[in-house]
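Chemist: One structure, as structure tokens, below. Some questions next.
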Amino acid sequence: MLKIHNVYKSFNNTKVQEKVLENINLEIETASVLGLAGPSGSGKSTLLRCIQKLENIDSGSIVCDGRVCFMFQDFQLFPHMTVEQNLTYAPSLKNKDKKEDYKEQAKSMLQTLGIESKANEYPRTLSGGEKQRVALARSLMISPDILLCDEPTSGLDIASSEDVVSLLKSVNKLGVTLIIASHDLDFLLKISDRIVLLKNGSIVMDIAPREHTDSLDKLKGYY
Ligand code: ADP
Ligand code: MG
């Protein structure tokens, strides 16, 4: 369970305080899929960054019991490391003795995602869809309870986006809570149990799209 209570966040741009998140309240159930929708600049990435504690909040609280992992929009793979090294690096930092175990784990993770043949390649040689899979595999290496995904389909072609839907669904089936920020409402509708719409830093809609099909037009109207 993740609880976000009365969160406010602003950035100090020049002399004006720019409010980016305002009065955000959310309780997110374990093992559910929350889609964070909203036009560009509405505060989606900032909210994810606050959950991951990459940003400080001005007031309010964010409480979660479990490991949180962030999958960045531009993947942020380590360019000087092979795919396998990208996967084993973080876990090995904590536990050097287990390096061989992590290598095995990385191999089976890559196999599950259908990219085992890329284990010894460097990120620059991979397609966008393959990089996305590597980023996902790397996130899963630390067995997160909550996975934050920022625009996971951006820069992917339609076929790769469809892959992302099924990949993320299978990750969710393992019991991982997903919070997915995307400006692509059609993508979010395919995967989310619940969609929260942000506009100018505030939540303006909060619906379960499979139950509230009558609200979908209103949701689409916000774009
Ligand atoms: P979204 O992900 O929905 O496109 P963001 O969370 O990236 O929106 O941005 C929301 C607002 O916060 C924008 O107005 C953006 O310019 C501003 N913002 C985001 N990050 C920073 C930052 N580090 N410094 C100042 N302003 C920022
Ligand atoms: Mg963003």
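Starting from 1 in every chain, residues are counted up; chains themselves are A, B, ... following the order of the structure tokens, and ligands are numbered from 1 as listed.
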For region 154-158 of chain A, find every residue with an atom within 8 Å (counting only C-alpha atoms), except residues of its own chain fewer than 4 positions away, and show them as a ChimeraX atom specification.
Modeler: /A:73,128-129,162
Chemist: Near Pro209 (chain A), within 12 Å and counting only C-alpha atoms, which residues show up once chain neighbours fewer than 4 positions away are dropped, as a list in words?
Modeler: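 With the cut-off at 12 Å, the set is Val33, Leu34, Gly35, Leu185, Asp186, Leu188, Leu189, Lys190, Ile191, Ser192, Asp193, Arg194, Ile195, Val196, Leu197, Met205, Thr213, Asp214, Ser215, Leu216, Asp217, Lys218, Leu219 and Lys220 of chain A.
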Chemist: Print the selection's residues with N, CA and C atoms to a file, as a PDB file, in the first residue's frame.
Modeler:
ATOM      1  N   VAL A  33      -2.713  -1.623 -10.759  1.00  0.00           N
ATOM      2  CA  VAL A  33      -2.062  -0.827 -11.800  1.00  0.00           C
ATOM      3  C   VAL A  33      -2.730   0.541 -11.857  1.00  0.00           C
ATOM      4  N   LEU A  34      -1.971   1.562 -11.502  1.00  0.00           N
ATOM      5  CA  LEU A  34      -2.498   2.924 -11.539  1.00  0.00           C
ATOM      6  C   LEU A  34      -1.908   3.662 -12.736  1.00  0.00           C
ATOM      7  N   GLY A  35      -2.777   4.177 -13.570  1.00  0.00           N
ATOM      8  CA  GLY A  35      -2.321   5.000 -14.687  1.00  0.00           C
ATOM      9  C   GLY A  35      -2.386   6.461 -14.288  1.00  0.00           C
ATOM     10  N   LEU A 185      -3.325   8.180 -23.430  1.00  0.00           N
ATOM     11  CA  LEU A 185      -4.489   7.652 -22.718  1.00  0.00           C
ATOM     12  C   LEU A 185      -4.893   6.271 -23.226  1.00  0.00           C
ATOM     13  N   ASP A 186      -4.797   6.048 -24.530  1.00  0.00           N
ATOM     14  CA  ASP A 186      -5.193   4.743 -25.069  1.00  0.00           C
ATOM     15  C   ASP A 186      -4.331   3.633 -24.493  1.00  0.00           C
ATOM     16  N   LEU A 188      -2.805   3.742 -21.540  1.00  0.00           N
ATOM     17  CA  LEU A 188      -3.174   3.576 -20.127  1.00  0.00           C
ATOM     18  C   LEU A 188      -4.481   2.805 -19.967  1.00  0.00           C
ATOM     19  N   LEU A 189      -5.417   3.043 -20.904  1.00  0.00           N
ATOM     20  CA  LEU A 189      -6.702   2.354 -20.810  1.00  0.00           C
ATOM     21  C   LEU A 189      -6.542   0.849 -20.983  1.00  0.00           C
ATOM     22  N   LYS A 190      -5.497   0.436 -21.717  1.00  0.00           N
ATOM     23  CA  LYS A 190      -5.289  -0.995 -21.957  1.00  0.00           C
ATOM     24  C   LYS A 190      -4.759  -1.706 -20.720  1.00  0.00           C
ATOM     25  N   ILE A 191      -4.176  -0.964 -19.819  1.00  0.00           N
ATOM     26  CA  ILE A 191      -3.424  -1.630 -18.755  1.00  0.00           C
ATOM     27  C   ILE A 191      -3.879  -1.292 -17.340  1.00  0.00           C
ATOM     28  N   SER A 192      -4.577  -0.158 -17.171  1.00  0.00           N
ATOM     29  CA  SER A 192      -4.794   0.345 -15.806  1.00  0.00           C
ATOM     30  C   SER A 192      -6.078  -0.167 -15.158  1.00  0.00           C
ATOM     31  N   ASP A 193      -5.980  -0.468 -13.866  1.00  0.00           N
ATOM     32  CA  ASP A 193      -7.181  -0.748 -13.079  1.00  0.00           C
ATOM     33  C   ASP A 193      -7.871   0.568 -12.723  1.00  0.00           C
ATOM     34  N   ARG A 194      -7.027   1.583 -12.609  1.00  0.00           N
ATOM     35  CA  ARG A 194      -7.532   2.886 -12.160  1.00  0.00           C
ATOM     36  C   ARG A 194      -6.727   3.959 -12.879  1.00  0.00           C
ATOM     37  N   ILE A 195      -7.409   5.023 -13.277  1.00  0.00           N
ATOM     38  CA  ILE A 195      -6.705   6.122 -13.932  1.00  0.00           C
ATOM     39  C   ILE A 195      -6.952   7.409 -13.159  1.00  0.00           C
ATOM     40  N   VAL A 196      -5.845   8.068 -12.828  1.00  0.00           N
ATOM     41  CA  VAL A 196      -5.906   9.357 -12.161  1.00  0.00           C
ATOM     42  C   VAL A 196      -5.440  10.397 -13.167  1.00  0.00           C
ATOM     43  N   LEU A 197      -6.250  11.424 -13.351  1.00  0.00           N
ATOM     44  CA  LEU A 197      -5.891  12.449 -14.327  1.00  0.00           C
ATOM     45  C   LEU A 197      -5.382  13.692 -13.615  1.00  0.00           C
ATOM     46  N   MET A 205      -9.608  13.922 -12.070  1.00  0.00           N
ATOM     47  CA  MET A 205     -10.475  12.748 -12.213  1.00  0.00           C
ATOM     48  C   MET A 205      -9.774  11.542 -11.630  1.00  0.00           C
ATOM     49  N   THR A 213     -17.151   3.240 -17.748  1.00  0.00           N
ATOM     50  CA  THR A 213     -16.969   3.476 -19.180  1.00  0.00           C
ATOM     51  C   THR A 213     -17.664   4.769 -19.623  1.00  0.00           C
ATOM     52  N   ASP A 214     -18.703   5.175 -18.873  1.00  0.00           N
ATOM     53  CA  ASP A 214     -19.417   6.407 -19.239  1.00  0.00           C
ATOM     54  C   ASP A 214     -18.576   7.657 -18.985  1.00  0.00           C
ATOM     55  N   SER A 215     -17.508   7.525 -18.165  1.00  0.00           N
ATOM     56  CA  SER A 215     -16.669   8.694 -17.868  1.00  0.00           C
ATOM     57  C   SER A 215     -15.533   8.878 -18.873  1.00  0.00           C
ATOM     58  N   LEU A 216     -15.395   7.897 -19.767  1.00  0.00           N
ATOM     59  CA  LEU A 216     -14.219   7.939 -20.639  1.00  0.00           C
ATOM     60  C   LEU A 216     -14.207   9.156 -21.559  1.00  0.00           C
ATOM     61  N   ASP A 217     -15.388   9.546 -22.030  1.00  0.00           N
ATOM     62  CA  ASP A 217     -15.444  10.707 -22.916  1.00  0.00           C
ATOM     63  C   ASP A 217     -14.991  11.964 -22.185  1.00  0.00           C
ATOM     64  N   LYS A 218     -15.398  12.055 -20.930  1.00  0.00           N
ATOM     65  CA  LYS A 218     -15.008  13.213 -20.114  1.00  0.00           C
ATOM     66  C   LYS A 218     -13.480  13.225 -19.940  1.00  0.00           C
ATOM     67  N   LEU A 219     -12.938  12.017 -19.677  1.00  0.00           N
ATOM     68  CA  LEU A 219     -11.496  11.881 -19.504  1.00  0.00           C
ATOM     69  C   LEU A 219     -10.775  12.345 -20.775  1.00  0.00           C
ATOM     70  N   LYS A 220     -11.275  11.852 -21.908  1.00  0.00           N
ATOM     71  CA  LYS A 220     -10.638  12.207 -23.190  1.00  0.00           C
ATOM     72  C   LYS A 220     -10.777  13.693 -23.478  1.00  0.00           C
TER      73      LYS A 220
END
Chemist: With distances taken over only C-alpha atoms, which residue among A:Gly60, A:Glu22, A:Cys69, A:Asp184 lies nearest Leu48 (chain A)?
Modeler: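 That would be A:Cys69, the residue with the smallest distance to Leu48 (chain A).
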Chemist: Do you know which residues are at most 12 Å from Ser40 (chain A) counting only C-alpha atoms, after dropping those on the same chain fewer than 2 positions away, and could you put them as an mmCIF file with N, CA and C atoms, in the first residue's frame?
Modeler:
data_model
loop_
_atom_site.group_PDB
_atom_site.id
_atom_site.type_symbol
_atom_site.label_atom_id
_atom_site.label_comp_id
_atom_site.auth_asym_id
_atom_site.auth_seq_id
_atom_site.Cartn_x
_atom_site.Cartn_y
_atom_site.Cartn_z
ATOM 1 N N LEU A 36 -1.292 7.153 -14.500
ATOM 2 C CA LEU A 36 -1.226 8.584 -14.188
ATOM 3 C C LEU A 36 -1.283 9.316 -15.526
ATOM 4 N N ALA A 37 -2.466 9.881 -15.810
ATOM 5 C CA ALA A 37 -2.662 10.515 -17.111
ATOM 6 C C ALA A 37 -2.572 12.022 -16.976
ATOM 7 N N GLY A 38 -2.519 12.691 -18.100
ATOM 8 C CA GLY A 38 -2.514 14.153 -18.076
ATOM 9 C C GLY A 38 -1.632 14.705 -19.170
ATOM 10 N N SER A 42 1.726 18.512 -16.701
ATOM 11 C CA SER A 42 0.710 18.468 -15.646
ATOM 12 C C SER A 42 1.257 17.989 -14.301
ATOM 13 N N GLY A 43 2.478 17.453 -14.294
ATOM 14 C CA GLY A 43 3.102 17.069 -13.019
ATOM 15 C C GLY A 43 3.294 15.579 -12.817
ATOM 16 N N LYS A 44 3.089 14.782 -13.868
ATOM 17 C CA LYS A 44 3.171 13.326 -13.744
ATOM 18 C C LYS A 44 4.566 12.867 -13.309
ATOM 19 N N SER A 45 5.574 13.329 -14.055
ATOM 20 C CA SER A 45 6.947 12.897 -13.733
ATOM 21 C C SER A 45 7.341 13.377 -12.342
ATOM 22 N N THR A 46 6.944 14.606 -12.014
ATOM 23 C CA THR A 46 7.306 15.145 -10.694
ATOM 24 C C THR A 46 6.703 14.291 -9.584
ATOM 25 N N GLU A 151 6.466 7.297 -18.776
ATOM 26 C CA GLU A 151 6.279 7.266 -20.231
ATOM 27 C C GLU A 151 6.941 6.032 -20.864
ATOM 28 N N ALA A 181 3.083 6.611 -15.546
ATOM 29 C CA ALA A 181 2.779 7.947 -16.043
ATOM 30 C C ALA A 181 2.866 7.928 -17.556
ATOM 31 N N SER A 182 1.818 8.434 -18.203
ATOM 32 C CA SER A 182 1.850 8.487 -19.663
ATOM 33 C C SER A 182 0.877 9.544 -20.157
ATOM 34 N N HIS A 183 1.272 10.239 -21.224
ATOM 35 C CA HIS A 183 0.329 11.170 -21.841
ATOM 36 C C HIS A 183 -0.581 10.412 -22.807
ATOM 37 N N ASP A 184 -0.284 9.122 -23.029
ATOM 38 C CA ASP A 184 -1.001 8.310 -24.006
ATOM 39 C C ASP A 184 -2.160 7.576 -23.331
ATOM 40 N N LEU A 197 -6.250 11.424 -13.351
ATOM 41 C CA LEU A 197 -5.891 12.449 -14.327
ATOM 42 C C LEU A 197 -5.382 13.692 -13.615
ATOM 43 N N LEU A 198 -4.180 14.088 -13.978
ATOM 44 C CA LEU A 198 -3.589 15.307 -13.407
ATOM 45 C C LEU A 198 -3.752 16.445 -14.395
ATOM 46 N N LYS A 199 -4.082 17.599 -13.873
ATOM 47 C CA LYS A 199 -4.084 18.794 -14.707
ATOM 48 C C LYS A 199 -3.543 19.944 -13.875
ATOM 49 N N ASN A 200 -2.576 20.634 -14.382
ATOM 50 C CA ASN A 200 -1.927 21.721 -13.643
ATOM 51 C C ASN A 200 -1.607 21.329 -12.206
ATOM 52 N N GLY A 201 -1.149 20.096 -12.022
ATOM 53 C CA GLY A 201 -0.690 19.675 -10.696
ATOM 54 C C GLY A 201 -1.764 19.208 -9.744
ATOM 55 N N TYR A 222 -10.378 16.086 -21.587
ATOM 56 C CA TYR A 222 -9.405 16.911 -20.891
ATOM 57 C C TYR A 222 -8.136 17.152 -21.718
ATOM 58 N N TYR A 223 -7.988 16.387 -22.787
ATOM 59 C CA TYR A 223 -6.761 16.538 -23.587
ATOM 60 C C TYR A 223 -6.905 17.585 -24.675
#
Chemist: Need the shell around region 77-88 of chain A: protein/DNA/RNA residues with any atom at most 10 Å away, counting only C-alpha atoms. Skip same-chain ones fewer than 3 positions apart. Format as a PyMOL selection string?
Modeler: chain A and resi 72+74+91-93+98-107+109-110+115-124+126+131-132+134-142
Chemist: Residues as selected, N, CA, C and O atoms, written as a short mmCIF file (atom, residue, chain, number, x, y, z; two decimals), in the first residue's frame, can you do that?
Modeler:
data_model
loop_
_atom_site.label_atom_id
_atom_site.label_comp_id
_atom_site.auth_asym_id
_atom_site.auth_seq_id
_atom_site.Cartn_x
_atom_site.Cartn_y
_atom_site.Cartn_z
N PHE A 72 13.06 4.93 -15.87
CA PHE A 72 13.09 6.28 -16.43
C PHE A 72 12.64 6.30 -17.88
O PHE A 72 12.78 5.33 -18.61
N ASP A 74 13.96 7.84 -20.39
CA ASP A 74 15.04 7.62 -21.36
C ASP A 74 15.92 6.41 -20.97
O ASP A 74 17.06 6.30 -21.38
N PRO A 91 22.54 -4.77 -7.78
CA PRO A 91 22.47 -5.79 -6.73
C PRO A 91 23.85 -6.20 -6.21
O PRO A 91 24.02 -6.43 -5.01
N SER A 92 24.86 -6.22 -7.10
CA SER A 92 26.20 -6.65 -6.67
C SER A 92 26.86 -5.63 -5.74
O SER A 92 27.73 -5.99 -4.94
N LEU A 93 26.46 -4.36 -5.86
CA LEU A 93 27.04 -3.34 -4.97
C LEU A 93 26.73 -3.67 -3.52
O LEU A 93 27.56 -3.49 -2.63
N LYS A 98 27.51 -12.43 -3.88
CA LYS A 98 26.46 -13.10 -4.65
C LYS A 98 26.53 -12.81 -6.14
O LYS A 98 25.59 -13.10 -6.87
N LYS A 99 27.65 -12.25 -6.59
CA LYS A 99 27.74 -11.81 -7.97
C LYS A 99 27.36 -12.91 -8.97
O LYS A 99 26.64 -12.66 -9.94
N GLU A 100 27.85 -14.12 -8.71
CA GLU A 100 27.55 -15.23 -9.63
C GLU A 100 26.06 -15.55 -9.65
O GLU A 100 25.48 -15.81 -10.70
N ASP A 101 25.44 -15.46 -8.47
CA ASP A 101 23.99 -15.70 -8.41
C ASP A 101 23.25 -14.66 -9.23
O ASP A 101 22.29 -14.97 -9.93
N TYR A 102 23.71 -13.41 -9.11
CA TYR A 102 23.04 -12.34 -9.86
C TYR A 102 23.19 -12.53 -11.36
O TYR A 102 22.30 -12.22 -12.13
N LYS A 103 24.35 -13.05 -11.76
CA LYS A 103 24.55 -13.33 -13.19
C LYS A 103 23.53 -14.35 -13.68
O LYS A 103 22.94 -14.20 -14.75
N GLU A 104 23.33 -15.37 -12.88
CA GLU A 104 22.34 -16.40 -13.24
C GLU A 104 20.94 -15.79 -13.31
O GLU A 104 20.17 -16.04 -14.23
N GLN A 105 20.66 -14.97 -12.31
CA GLN A 105 19.34 -14.33 -12.25
C GLN A 105 19.13 -13.43 -13.47
O GLN A 105 18.06 -13.41 -14.07
N ALA A 106 20.21 -12.70 -13.83
CA ALA A 106 20.14 -11.81 -14.99
C ALA A 106 19.86 -12.61 -16.25
O ALA A 106 19.02 -12.22 -17.08
N LYS A 107 20.54 -13.74 -16.39
CA LYS A 107 20.34 -14.57 -17.58
C LYS A 107 18.90 -15.02 -17.69
O LYS A 107 18.30 -14.95 -18.77
N MET A 109 16.30 -13.66 -16.32
CA MET A 109 15.44 -12.49 -16.53
C MET A 109 15.43 -12.10 -18.01
O MET A 109 14.39 -11.83 -18.61
N LEU A 110 16.62 -12.11 -18.62
CA LEU A 110 16.74 -11.74 -20.04
C LEU A 110 16.01 -12.77 -20.91
O LEU A 110 15.40 -12.42 -21.92
N ILE A 115 15.33 -11.54 -24.62
CA ILE A 115 16.50 -10.82 -25.13
C ILE A 115 17.80 -11.43 -24.60
O ILE A 115 18.81 -10.73 -24.44
N GLU A 116 17.78 -12.74 -24.34
CA GLU A 116 18.99 -13.37 -23.79
C GLU A 116 20.17 -13.28 -24.74
O GLU A 116 21.32 -13.24 -24.31
N SER A 117 19.88 -13.17 -26.05
CA SER A 117 20.98 -13.10 -27.02
C SER A 117 21.72 -11.76 -26.93
O SER A 117 22.79 -11.59 -27.51
N LYS A 118 21.16 -10.80 -26.20
CA LYS A 118 21.77 -9.46 -26.11
C LYS A 118 22.63 -9.29 -24.87
O LYS A 118 23.15 -8.19 -24.63
N ALA A 119 22.79 -10.34 -24.09
CA ALA A 119 23.44 -10.22 -22.78
C ALA A 119 24.80 -9.53 -22.84
O ALA A 119 25.15 -8.75 -21.95
N ASN A 120 25.57 -9.79 -23.91
CA ASN A 120 26.92 -9.22 -23.96
C ASN A 120 27.04 -8.01 -24.88
O ASN A 120 28.14 -7.55 -25.17
N GLU A 121 25.89 -7.50 -25.31
CA GLU A 121 25.90 -6.30 -26.17
C GLU A 121 25.91 -5.04 -25.29
O GLU A 121 25.50 -5.07 -24.13
N TYR A 122 26.32 -3.94 -25.91
CA TYR A 122 26.24 -2.64 -25.23
C TYR A 122 24.94 -1.94 -25.62
O TYR A 122 24.42 -2.14 -26.74
N PRO A 123 24.40 -1.08 -24.73
CA PRO A 123 23.10 -0.45 -25.01
C PRO A 123 23.01 0.24 -26.37
O PRO A 123 21.96 0.22 -27.01
N ARG A 124 24.10 0.84 -26.84
CA ARG A 124 24.01 1.60 -28.09
C ARG A 124 23.64 0.73 -29.29
O ARG A 124 23.17 1.25 -30.30
N LEU A 126 21.33 -1.53 -29.27
CA LEU A 126 19.97 -2.07 -29.12
C LEU A 126 18.91 -1.14 -29.72
O LEU A 126 19.10 0.08 -29.75
N LYS A 131 15.96 -1.79 -25.56
CA LYS A 131 16.41 -0.98 -24.40
C LYS A 131 15.34 -0.96 -23.32
O LYS A 131 15.63 -1.05 -22.14
N GLN A 132 14.09 -0.83 -23.76
CA GLN A 132 12.98 -0.82 -22.81
C GLN A 132 12.95 -2.12 -22.00
O GLN A 132 12.77 -2.11 -20.79
N VAL A 134 15.49 -4.14 -21.44
CA VAL A 134 16.66 -4.18 -20.55
C VAL A 134 16.38 -3.33 -19.30
O VAL A 134 16.66 -3.73 -18.17
N ALA A 135 15.77 -2.15 -19.53
CA ALA A 135 15.46 -1.27 -18.39
C ALA A 135 14.49 -1.97 -17.44
O ALA A 135 14.63 -1.90 -16.22
N LEU A 136 13.52 -2.67 -18.04
CA LEU A 136 12.55 -3.38 -17.21
C LEU A 136 13.23 -4.52 -16.44
O LEU A 136 13.03 -4.68 -15.24
N ALA A 137 14.07 -5.28 -17.16
CA ALA A 137 14.78 -6.39 -16.51
C ALA A 137 15.64 -5.87 -15.37
O ALA A 137 15.69 -6.45 -14.29
N ARG A 138 16.31 -4.74 -15.61
CA ARG A 138 17.17 -4.18 -14.56
C ARG A 138 16.35 -3.77 -13.34
O ARG A 138 16.76 -4.01 -12.20
N SER A 139 15.17 -3.18 -13.59
CA SER A 139 14.30 -2.80 -12.46
C SER A 139 13.88 -4.03 -11.66
O SER A 139 13.80 -3.98 -10.44
N LEU A 140 13.60 -5.13 -12.37
CA LEU A 140 13.08 -6.31 -11.69
C LEU A 140 14.15 -7.05 -10.90
O LEU A 140 13.82 -7.83 -10.01
N MET A 141 15.42 -6.79 -11.21
CA MET A 141 16.52 -7.46 -10.50
C MET A 141 16.49 -7.17 -9.00
O MET A 141 16.99 -7.96 -8.22
N ILE A 142 15.95 -6.03 -8.61
CA ILE A 142 15.92 -5.74 -7.17
C ILE A 142 14.57 -6.10 -6.54
O ILE A 142 14.25 -5.67 -5.44
#
Chemist: Mind the document's chain letters and residue numbers, and return as a PyMOL selection string the residues of region 5-222 of chain A that DSSP labels helix (DSSP H, G or I).
Modeler: chain A and resi 44-51+83-94+96-112+116-118+123-125+128-140+158-173+185-191+213-221
Chemist: Could you please take those selected residues and save C-alpha atoms as a CSV table (one decimal), in the first residue's frame?
Modeler:
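Resulting contents of again23.csv:
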chain,number,residue,atom,x,y,z
A,44,LYS,CA,3.2,13.3,-13.7
A,45,SER,CA,6.9,12.9,-13.7
A,46,THR,CA,7.3,15.1,-10.7
A,47,LEU,CA,4.8,13.0,-8.8
A,48,LEU,CA,6.7,9.8,-9.6
A,49,ARG,CA,10.0,11.5,-8.6
A,50,CYS,CA,8.5,12.6,-5.3
A,51,ILE,CA,7.3,9.0,-4.6
A,83,VAL,CA,23.3,-5.6,-20.9
A,84,GLU,CA,24.2,-8.2,-18.3
A,85,GLN,CA,26.4,-5.8,-16.4
A,86,ASN,CA,23.6,-3.3,-16.4
A,87,LEU,CA,21.5,-5.9,-14.7
A,88,THR,CA,24.0,-7.1,-12.1
A,89,TYR,CA,25.6,-3.8,-11.2
A,90,ALA,CA,23.2,-2.5,-8.5
A,91,PRO,CA,22.5,-5.8,-6.7
A,92,SER,CA,26.2,-6.6,-6.7
A,93,LEU,CA,27.0,-3.3,-5.0
A,94,LYS,CA,25.1,-4.4,-1.9
A,96,LYS,CA,29.5,-8.7,-3.6
A,97,ASP,CA,29.6,-12.4,-2.7
A,98,LYS,CA,26.5,-13.1,-4.6
A,99,LYS,CA,27.7,-11.8,-8.0
A,100,GLU,CA,27.6,-15.2,-9.6
A,101,ASP,CA,24.0,-15.7,-8.4
A,102,TYR,CA,23.0,-12.3,-9.9
A,103,LYS,CA,24.5,-13.3,-13.2
A,104,GLU,CA,22.3,-16.4,-13.2
A,105,GLN,CA,19.3,-14.3,-12.2
A,106,ALA,CA,20.1,-11.8,-15.0
A,107,LYS,CA,20.3,-14.6,-17.6
A,108,SER,CA,17.0,-16.0,-16.7
A,109,MET,CA,15.4,-12.5,-16.5
A,110,LEU,CA,16.7,-11.7,-20.0
A,111,GLN,CA,15.4,-15.1,-21.2
A,112,THR,CA,12.0,-14.3,-19.8
A,116,GLU,CA,19.0,-13.4,-23.8
A,117,SER,CA,21.0,-13.1,-27.0
A,118,LYS,CA,21.8,-9.5,-26.1
A,123,PRO,CA,23.1,-0.5,-25.0
A,124,ARG,CA,24.0,1.6,-28.1
A,125,THR,CA,23.5,-1.4,-30.3
A,128,GLY,CA,14.3,1.2,-28.5
A,129,GLY,CA,12.1,-1.8,-27.7
A,130,GLU,CA,15.1,-3.8,-26.6
A,131,LYS,CA,16.4,-1.0,-24.4
A,132,GLN,CA,13.0,-0.8,-22.8
A,133,ARG,CA,13.2,-4.5,-22.0
A,134,VAL,CA,16.7,-4.2,-20.6
A,135,ALA,CA,15.5,-1.3,-18.4
A,136,LEU,CA,12.5,-3.4,-17.2
A,137,ALA,CA,14.8,-6.4,-16.5
A,138,ARG,CA,17.2,-4.2,-14.6
A,139,SER,CA,14.3,-2.8,-12.5
A,140,LEU,CA,13.1,-6.3,-11.7
A,158,ILE,CA,3.1,0.6,-32.1
A,159,ALA,CA,4.3,-3.1,-32.1
A,160,SER,CA,6.8,-2.4,-29.3
A,161,SER,CA,4.1,-0.5,-27.3
A,162,GLU,CA,1.9,-3.5,-27.5
A,163,ASP,CA,4.8,-5.5,-26.1
A,164,VAL,CA,5.1,-3.1,-23.3
A,165,VAL,CA,1.5,-3.6,-22.4
A,166,SER,CA,1.9,-7.4,-22.1
A,167,LEU,CA,5.3,-7.2,-20.4
A,168,LEU,CA,4.0,-4.8,-17.7
A,169,LYS,CA,0.9,-6.9,-17.3
A,170,SER,CA,3.0,-10.0,-16.6
A,171,VAL,CA,5.1,-8.0,-14.1
A,172,ASN,CA,1.9,-6.9,-12.4
A,173,LYS,CA,0.8,-10.6,-12.2
A,185,LEU,CA,-4.5,7.7,-22.7
A,186,ASP,CA,-5.2,4.7,-25.1
A,187,PHE,CA,-2.1,2.9,-23.7
A,188,LEU,CA,-3.2,3.6,-20.1
A,189,LEU,CA,-6.7,2.4,-20.8
A,190,LYS,CA,-5.3,-1.0,-22.0
A,191,ILE,CA,-3.4,-1.6,-18.8
A,213,THR,CA,-17.0,3.5,-19.2
A,214,ASP,CA,-19.4,6.4,-19.2
A,215,SER,CA,-16.7,8.7,-17.9
A,216,LEU,CA,-14.2,7.9,-20.6
A,217,ASP,CA,-15.4,10.7,-22.9
A,218,LYS,CA,-15.0,13.2,-20.1
A,219,LEU,CA,-11.5,11.9,-19.5
A,220,LYS,CA,-10.6,12.2,-23.2
A,221,GLY,CA,-12.1,15.7,-23.2
Chemist: Residues within 10 Å of Glu29 (chain A), please, as JSON, numbers by chain. Count only C-alpha atoms; anything in the same chain fewer than 3 positions from it doesn't count.
Modeler: {"A": [1, 2, 3, 26, 32, 33, 34, 177, 178]}
Chemist: Write the residues of the preceding selection, restricted to N, CA, C and O atoms, as a tab-separated table (two decimals), in the first residue's frame.
Modeler:
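Resulting contents of out-v7.tsv:
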chain	number	residue	atom	x	y	z
A	1	MET	N	0.85	-1.21	0.00
A	1	MET	CA	0.00	0.00	0.00
A	1	MET	C	0.87	1.25	0.00
A	1	MET	O	1.87	1.31	0.71
A	2	LEU	N	0.48	2.18	-0.85
A	2	LEU	CA	1.19	3.46	-0.92
A	2	LEU	C	0.18	4.55	-0.57
A	2	LEU	O	-0.91	4.60	-1.16
A	3	LYS	N	0.56	5.40	0.38
A	3	LYS	CA	-0.37	6.47	0.79
A	3	LYS	C	0.24	7.83	0.55
A	3	LYS	O	1.31	8.14	1.09
A	26	LEU	N	-3.82	10.20	-2.54
A	26	LEU	CA	-4.01	8.92	-3.25
A	26	LEU	C	-3.68	7.77	-2.32
A	26	LEU	O	-2.70	7.84	-1.58
A	32	SER	N	-1.94	-3.39	-7.66
A	32	SER	CA	-2.84	-2.80	-8.65
A	32	SER	C	-2.03	-2.03	-9.69
A	32	SER	O	-0.83	-1.85	-9.54
A	33	VAL	N	-2.71	-1.62	-10.76
A	33	VAL	CA	-2.06	-0.83	-11.80
A	33	VAL	C	-2.73	0.54	-11.86
A	33	VAL	O	-3.92	0.64	-12.19
A	34	LEU	N	-1.97	1.56	-11.50
A	34	LEU	CA	-2.50	2.92	-11.54
A	34	LEU	C	-1.91	3.66	-12.74
A	34	LEU	O	-0.69	3.73	-12.89
A	177	THR	N	3.12	-3.72	-7.74
A	177	THR	CA	2.23	-2.57	-7.95
A	177	THR	C	2.85	-1.69	-9.03
A	177	THR	O	4.05	-1.40	-8.98
A	178	LEU	N	2.05	-1.28	-10.00
A	178	LEU	CA	2.59	-0.44	-11.07
A	178	LEU	C	1.96	0.94	-11.02
A	178	LEU	O	0.74	1.07	-10.89
Chemist: Using only C-alpha atoms and all ligand atoms, which residue out of A:Leu54, A:Val20, A:Ile4, A:Ile207 lies closest to ligand 1?
Modeler: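 Of the candidates, the smallest distance to ligand 1 is held by A:Val20.
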Chemist: Kindly give the distance, in Å, that separates CA of Asn95 (chain A) and CA of Gly175 (chain A), rounded to a single decimal.
Modeler: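 Separation of CA of Asn95 (chain A) and CA of Gly175 (chain A): 24.5 Å.
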Chemist: May I have all residues of region 45-223 of chain A that DSSP, computed from the backbone, assigns to strand (DSSP E or B), given as a PyMOL selection string?
Modeler: chain A and resi 59-64+68-71+146-150+177-181+194-199+202-207
Chemist: Pick from A:Gln52, A:Cys64, A:Gly41, A:Val204: nearest to ligand 2, with only C-alpha atoms and all ligand atoms counted?
Modeler: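 Among the listed residues, A:Gly41 lies closest to ligand 2.
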Chemist: Go ahead and compute the interatomic distance for CA of Ser59 (chain A) and CA of Val176 (chain A), in Å to one decimal.
Modeler: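 Value for the CA of Ser59 (chain A)-CA of Val176 (chain A) distance: 27.6 Å.
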Chemist: Using only C-alpha atoms and all ligand atoms for the distances, tell me which of A:Asp150, A:Asp65, A:Glu27, A:Asp58 is nearest to ligand 1.
Modeler: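 Distance minimum relative to ligand 1 lands on A:Asp150.
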